[in-house]
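Report on the structure given below.
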Amino acid sequence: MSSPQIECDGIVAMLDQIRQRGHSDHTVFEDWVDLMLYALQRRDDPYRDIVDRYRDRADMDQPDGQRSGDLFSKAFGQLQDRMAATDADVLGSVYEEYGMGSDAFGQHFTLHSVCEMLVELTDVVDESRDNQRPTITDPACGSGRMLLMAGRKQPEALFVGQDKDPLCAKMTALNCCFFNLDAYVIQGDSLTVEYQRAWRTSFSSLGGTVRELDEDEVAALRDAMTGAEETPPRSDTDDAAGQSESSPSIPPSTLPDGEQASLLAFDGDR
Ligand SMILES: C[S@@+](CC[C@H](N)C(=O)[O-])C[C@H]1O[C@@H](n2cnc3c(N)ncnc32)[C@H](O)[C@@H]1O
């Protein structure tokens, strides 16, 4: 399916409304991403901490439905609608439209149409070697859209995304959860092989789930990915994101029972 133009003005306008109440644009966007990520993980305490930061006098004077918490929720609702309509990386488009991209980090995401073409050209549907599960990696994943596009063609693969920018890593974790992909998402530098944080998203027939890995799991993941274990992941080529390779020996998912996070987890009543 070809991605239509991603229109996200309504979402950007709501985030901007919050910003105009005296917050920086970066804080507003990061808090929105964190709220979604915490909601999907059912992590109520850090979720409430963020919401509480917006409960100042000016905000509480707003009419019902117009408080910052309401606007964050509505922005998430619209994000869901746009994703359903486009099957594309709306979150990354909001990030760019809202002016979050850093020139210094080269944060200009690949156009959806180009991602689709690259996925065709790199033929990620290629049969995996030795009947192992194929792994598709993007070591500079941005919002993860290359993985999402590859996921359309090969949804059963294991996806690995890495970005040194914390916000990009979180967006990719969210996107992999939204699009119900089995993935590891690493916040860390691909060149120096430093891993700061990581998330595991898992496919489920009820919708994707996401969980942040603990310190030991992050270390084990790094060992597996960098070859400290016996079956390191191997790239077929060095330059293209979204490449197919044999499955690394990655720690299995340890999602607790019942940790099913649907897109409806983020509601306005919290
Ligand atoms: C041009 S964007 C591409 C994003 C995505 N692959 C796409 O096609 O839309 C490059 C991304 O690489 C990240 N990046 C730059 N240097 C990196 C490094 N050494 N390790 C990990 N990520 C890096 C940036 O933060 C940015 O999000």
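Note on naming: chains are A, B, ... as they come in the structure tokens, residues start from 1 per chain, ligands start from 1 in the order shown.
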Counting only C-alpha atoms and all ligand atoms, give me one row per residue of chain A with an atom at most 10 Å from an atom of ligand 1, showing the shortest contact pair and its distance in Å to one decimal, sorted by chain then residue number, as JSON lines.
{"residue": "A:Asp89", "atom": "CA", "partner": "ligand 1", "partner_atom_place_in_ligand_line": "9 (O)", "distance": 9.5}
{"residue": "A:Gly92", "atom": "CA", "partner": "ligand 1", "partner_atom_place_in_ligand_line": "9 (O)", "distance": 8.3}
{"residue": "A:Gly101", "atom": "CA", "partner": "ligand 1", "partner_atom_place_in_ligand_line": "27 (O)", "distance": 8.0}
{"residue": "A:Ser102", "atom": "CA", "partner": "ligand 1", "partner_atom_place_in_ligand_line": "25 (O)", "distance": 7.7}
{"residue": "A:Asp103", "atom": "CA", "partner": "ligand 1", "partner_atom_place_in_ligand_line": "26 (C)", "distance": 9.1}
{"residue": "A:Ala104", "atom": "CA", "partner": "ligand 1", "partner_atom_place_in_ligand_line": "24 (C)", "distance": 8.6}
{"residue": "A:Phe105", "atom": "CA", "partner": "ligand 1", "partner_atom_place_in_ligand_line": "24 (C)", "distance": 4.8}
{"residue": "A:Gly106", "atom": "CA", "partner": "ligand 1", "partner_atom_place_in_ligand_line": "1 (C)", "distance": 4.9}
{"residue": "A:Gln107", "atom": "CA", "partner": "ligand 1", "partner_atom_place_in_ligand_line": "26 (C)", "distance": 4.3}
{"residue": "A:His108", "atom": "CA", "partner": "ligand 1", "partner_atom_place_in_ligand_line": "1 (C)", "distance": 4.6}
{"residue": "A:Phe109", "atom": "CA", "partner": "ligand 1", "partner_atom_place_in_ligand_line": "9 (O)", "distance": 3.4}
{"residue": "A:Thr110", "atom": "CA", "partner": "ligand 1", "partner_atom_place_in_ligand_line": "9 (O)", "distance": 3.9}
{"residue": "A:Leu111", "atom": "CA", "partner": "ligand 1", "partner_atom_place_in_ligand_line": "9 (O)", "distance": 7.1}
{"residue": "A:His112", "atom": "CA", "partner": "ligand 1", "partner_atom_place_in_ligand_line": "9 (O)", "distance": 8.3}
{"residue": "A:Val114", "atom": "CA", "partner": "ligand 1", "partner_atom_place_in_ligand_line": "8 (O)", "distance": 8.8}
{"residue": "A:Cys115", "atom": "CA", "partner": "ligand 1", "partner_atom_place_in_ligand_line": "8 (O)", "distance": 6.9}
{"residue": "A:Leu118", "atom": "CA", "partner": "ligand 1", "partner_atom_place_in_ligand_line": "8 (O)", "distance": 9.8}
{"residue": "A:Thr137", "atom": "CA", "partner": "ligand 1", "partner_atom_place_in_ligand_line": "6 (N)", "distance": 9.8}
{"residue": "A:Asp138", "atom": "CA", "partner": "ligand 1", "partner_atom_place_in_ligand_line": "6 (N)", "distance": 6.2}
{"residue": "A:Pro139", "atom": "CA", "partner": "ligand 1", "partner_atom_place_in_ligand_line": "21 (C)", "distance": 5.9}
{"residue": "A:Ala140", "atom": "CA", "partner": "ligand 1", "partner_atom_place_in_ligand_line": "12 (O)", "distance": 3.8}
{"residue": "A:Cys141", "atom": "CA", "partner": "ligand 1", "partner_atom_place_in_ligand_line": "6 (N)", "distance": 3.9}
{"residue": "A:Gly142", "atom": "CA", "partner": "ligand 1", "partner_atom_place_in_ligand_line": "27 (O)", "distance": 3.4}
{"residue": "A:Ser143", "atom": "CA", "partner": "ligand 1", "partner_atom_place_in_ligand_line": "5 (C)", "distance": 6.4}
{"residue": "A:Gly144", "atom": "CA", "partner": "ligand 1", "partner_atom_place_in_ligand_line": "5 (C)", "distance": 6.0}
{"residue": "A:Arg145", "atom": "CA", "partner": "ligand 1", "partner_atom_place_in_ligand_line": "9 (O)", "distance": 5.7}
{"residue": "A:Met146", "atom": "CA", "partner": "ligand 1", "partner_atom_place_in_ligand_line": "8 (O)", "distance": 5.5}
{"residue": "A:Leu147", "atom": "CA", "partner": "ligand 1", "partner_atom_place_in_ligand_line": "6 (N)", "distance": 8.3}
{"residue": "A:Gly161", "atom": "CA", "partner": "ligand 1", "partner_atom_place_in_ligand_line": "6 (N)", "distance": 8.8}
{"residue": "A:Gln162", "atom": "CA", "partner": "ligand 1", "partner_atom_place_in_ligand_line": "21 (C)", "distance": 5.8}
{"residue": "A:Asp163", "atom": "CA", "partner": "ligand 1", "partner_atom_place_in_ligand_line": "22 (N)", "distance": 3.6}
{"residue": "A:Lys164", "atom": "CA", "partner": "ligand 1", "partner_atom_place_in_ligand_line": "21 (C)", "distance": 4.2}
{"residue": "A:Asp165", "atom": "CA", "partner": "ligand 1", "partner_atom_place_in_ligand_line": "25 (O)", "distance": 4.8}
{"residue": "A:Pro166", "atom": "CA", "partner": "ligand 1", "partner_atom_place_in_ligand_line": "25 (O)", "distance": 8.4}
{"residue": "A:Leu167", "atom": "CA", "partner": "ligand 1", "partner_atom_place_in_ligand_line": "25 (O)", "distance": 8.7}
{"residue": "A:Cys168", "atom": "CA", "partner": "ligand 1", "partner_atom_place_in_ligand_line": "27 (O)", "distance": 5.9}
{"residue": "A:Ala169", "atom": "CA", "partner": "ligand 1", "partner_atom_place_in_ligand_line": "27 (O)", "distance": 8.3}
{"residue": "A:Thr172", "atom": "CA", "partner": "ligand 1", "partner_atom_place_in_ligand_line": "5 (C)", "distance": 9.8}
{"residue": "A:Ile186", "atom": "CA", "partner": "ligand 1", "partner_atom_place_in_ligand_line": "21 (C)", "distance": 9.0}
{"residue": "A:Gln187", "atom": "CA", "partner": "ligand 1", "partner_atom_place_in_ligand_line": "21 (C)", "distance": 7.8}
{"residue": "A:Gly188", "atom": "CA", "partner": "ligand 1", "partner_atom_place_in_ligand_line": "21 (C)", "distance": 6.0}
{"residue": "A:Asp189", "atom": "CA", "partner": "ligand 1", "partner_atom_place_in_ligand_line": "20 (N)", "distance": 3.6}
{"residue": "A:Ser190", "atom": "CA", "partner": "ligand 1", "partner_atom_place_in_ligand_line": "20 (N)", "distance": 3.9}
{"residue": "A:Leu191", "atom": "CA", "partner": "ligand 1", "partner_atom_place_in_ligand_line": "19 (N)", "distance": 4.8}
{"residue": "A:Thr192", "atom": "CA", "partner": "ligand 1", "partner_atom_place_in_ligand_line": "19 (N)", "distance": 7.1}
{"residue": "A:Val193", "atom": "CA", "partner": "ligand 1", "partner_atom_place_in_ligand_line": "20 (N)", "distance": 8.1}
{"residue": "A:Glu194", "atom": "CA", "partner": "ligand 1", "partner_atom_place_in_ligand_line": "20 (N)", "distance": 8.9}
{"residue": "A:Tyr195", "atom": "CA", "partner": "ligand 1", "partner_atom_place_in_ligand_line": "21 (C)", "distance": 9.9}
{"residue": "A:Ala240", "atom": "CA", "partner": "ligand 1", "partner_atom_place_in_ligand_line": "6 (N)", "distance": 9.0}
{"residue": "A:Ala241", "atom": "CA", "partner": "ligand 1", "partner_atom_place_in_ligand_line": "6 (N)", "distance": 6.2}
{"residue": "A:Gly242", "atom": "CA", "partner": "ligand 1", "partner_atom_place_in_ligand_line": "6 (N)", "distance": 8.4}
Practice task
Please provide as a PyMOL selection string all residues within 10 Å of segment 59-75 of chain A, with the sequence filter that same-chain residues fewer than 5 positions apart are discarded (counting only C-alpha atoms).
Solution key: chain A and resi 8+10-19+21+28-29+31-33+35-36+50-54+80-81+266-270
Take the residues from that selection and write them out as a PDB file, in the first residue's frame, keeping C-alpha atoms.
ATOM      1  CA  CYS A   8      -0.754  16.085  11.013  1.00  0.00           C
ATOM      2  CA  GLY A  10      -4.327  19.106  14.022  1.00  0.00           C
ATOM      3  CA  ILE A  11      -1.927  17.227  16.315  1.00  0.00           C
ATOM      4  CA  VAL A  12       0.768  19.885  15.949  1.00  0.00           C
ATOM      5  CA  ALA A  13      -1.800  22.595  16.764  1.00  0.00           C
ATOM      6  CA  MET A  14      -2.761  20.860  20.021  1.00  0.00           C
ATOM      7  CA  LEU A  15       0.856  20.464  21.122  1.00  0.00           C
ATOM      8  CA  ASP A  16       1.383  24.098  20.244  1.00  0.00           C
ATOM      9  CA  GLN A  17      -1.587  25.122  22.380  1.00  0.00           C
ATOM     10  CA  ILE A  18       0.093  23.454  25.368  1.00  0.00           C
ATOM     11  CA  ARG A  19       3.434  25.083  24.534  1.00  0.00           C
ATOM     12  CA  ARG A  21       1.030  28.016  28.246  1.00  0.00           C
ATOM     13  CA  VAL A  28       5.902  19.356  25.405  1.00  0.00           C
ATOM     14  CA  PHE A  29       6.819  16.869  22.688  1.00  0.00           C
ATOM     15  CA  ASP A  31       6.301  14.682  27.660  1.00  0.00           C
ATOM     16  CA  TRP A  32       3.695  13.618  25.101  1.00  0.00           C
ATOM     17  CA  VAL A  33       5.927  10.760  23.941  1.00  0.00           C
ATOM     18  CA  LEU A  35       2.990   9.829  28.466  1.00  0.00           C
ATOM     19  CA  MET A  36       2.173   7.452  25.613  1.00  0.00           C
ATOM     20  CA  ILE A  50       4.198  14.300  34.118  1.00  0.00           C
ATOM     21  CA  VAL A  51       0.492  15.136  34.230  1.00  0.00           C
ATOM     22  CA  ASP A  52       0.981  16.878  37.597  1.00  0.00           C
ATOM     23  CA  ARG A  53       3.632  19.155  36.155  1.00  0.00           C
ATOM     24  CA  TYR A  54       0.974  20.674  33.908  1.00  0.00           C
ATOM     25  CA  GLN A  80      -4.302   6.845  16.297  1.00  0.00           C
ATOM     26  CA  ASP A  81      -6.804   8.047  13.700  1.00  0.00           C
ATOM     27  CA  PHE A 266      -3.934   6.411  26.898  1.00  0.00           C
ATOM     28  CA  ASP A 267      -7.204   7.958  27.954  1.00  0.00           C
ATOM     29  CA  GLY A 268      -8.248  11.280  29.340  1.00  0.00           C
ATOM     30  CA  ASP A 269      -9.454  10.003  32.705  1.00  0.00           C
ATOM     31  CA  ARG A 270      -6.085   9.428  34.285  1.00  0.00           C
TER      32      ARG A 270
END
* List every residue of segment 12-164 of chain A that DSSP, applied to the backbone, labels as strand (DSSP E or B), and write the result as a PyMOL selection string. => chain A and resi 135-138+158-163
Could you check the closest approach to Arg57 of chain A for each of A:Gly22, A:Ser205, A:Gly77, A:Val90 and tell me which residue wins, using only C-alpha atoms?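 Answer, going by the shortest atom-to-atom distance: A:Gly22.
Rounded to one decimal, atom CA of Phe203 of chain A and atom CA of Val119 of chain A lie 20.8 Å from each other.
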Of A:Phe179, A:Trp199, A:Tyr47, A:Tyr184, the one sitting nearest Met83 of chain A when using only C-alpha atoms is A:Phe179
Tell me, counting only C-alpha atoms, for each residue of segment 137-203 of chain A within 7 Å of segment 210-227 of chain A, which pair of atoms is nearest and how far apart they are in Å to one decimal, in rows ordered by chain and increasing number, as JSON lines.
{"residue": "A:Cys177", "atom": "CA", "partner": "A:Val210", "partner_atom": "CA", "distance": 5.9}
{"residue": "A:Tyr195", "atom": "CA", "partner": "A:Arg222", "partner_atom": "CA", "distance": 6.9}
{"residue": "A:Arg197", "atom": "CA", "partner": "A:Val218", "partner_atom": "CA", "distance": 6.6}
{"residue": "A:Ala198", "atom": "CA", "partner": "A:Leu213", "partner_atom": "CA", "distance": 5.6}
{"residue": "A:Trp199", "atom": "CA", "partner": "A:Glu212", "partner_atom": "CA", "distance": 4.2}
{"residue": "A:Arg200", "atom": "CA", "partner": "A:Arg211", "partner_atom": "CA", "distance": 5.4}
{"residue": "A:Thr201", "atom": "CA", "partner": "A:Val210", "partner_atom": "CA", "distance": 4.3}
{"residue": "A:Ser202", "atom": "CA", "partner": "A:Val210", "partner_atom": "CA", "distance": 6.5}
| query | If we count only C-alpha atoms, what is near Arg152 of chain A at a cut-off of 10 Å, once residues fewer than 3 positions away on the same chain are taken out, given as a list in words? | reply |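 So, after excluding close chain neighbours, the residues are Met1, Asp87, Ala88, Glu116, Val119, Leu147, Leu148, Met149, Pro155, Glu156, Phe179 and Leu181 of chain A.
With atom CA of Leu91 of chain A on one side and atom CA of Leu79 of chain A on the other, the separation reads 7.1 Å.
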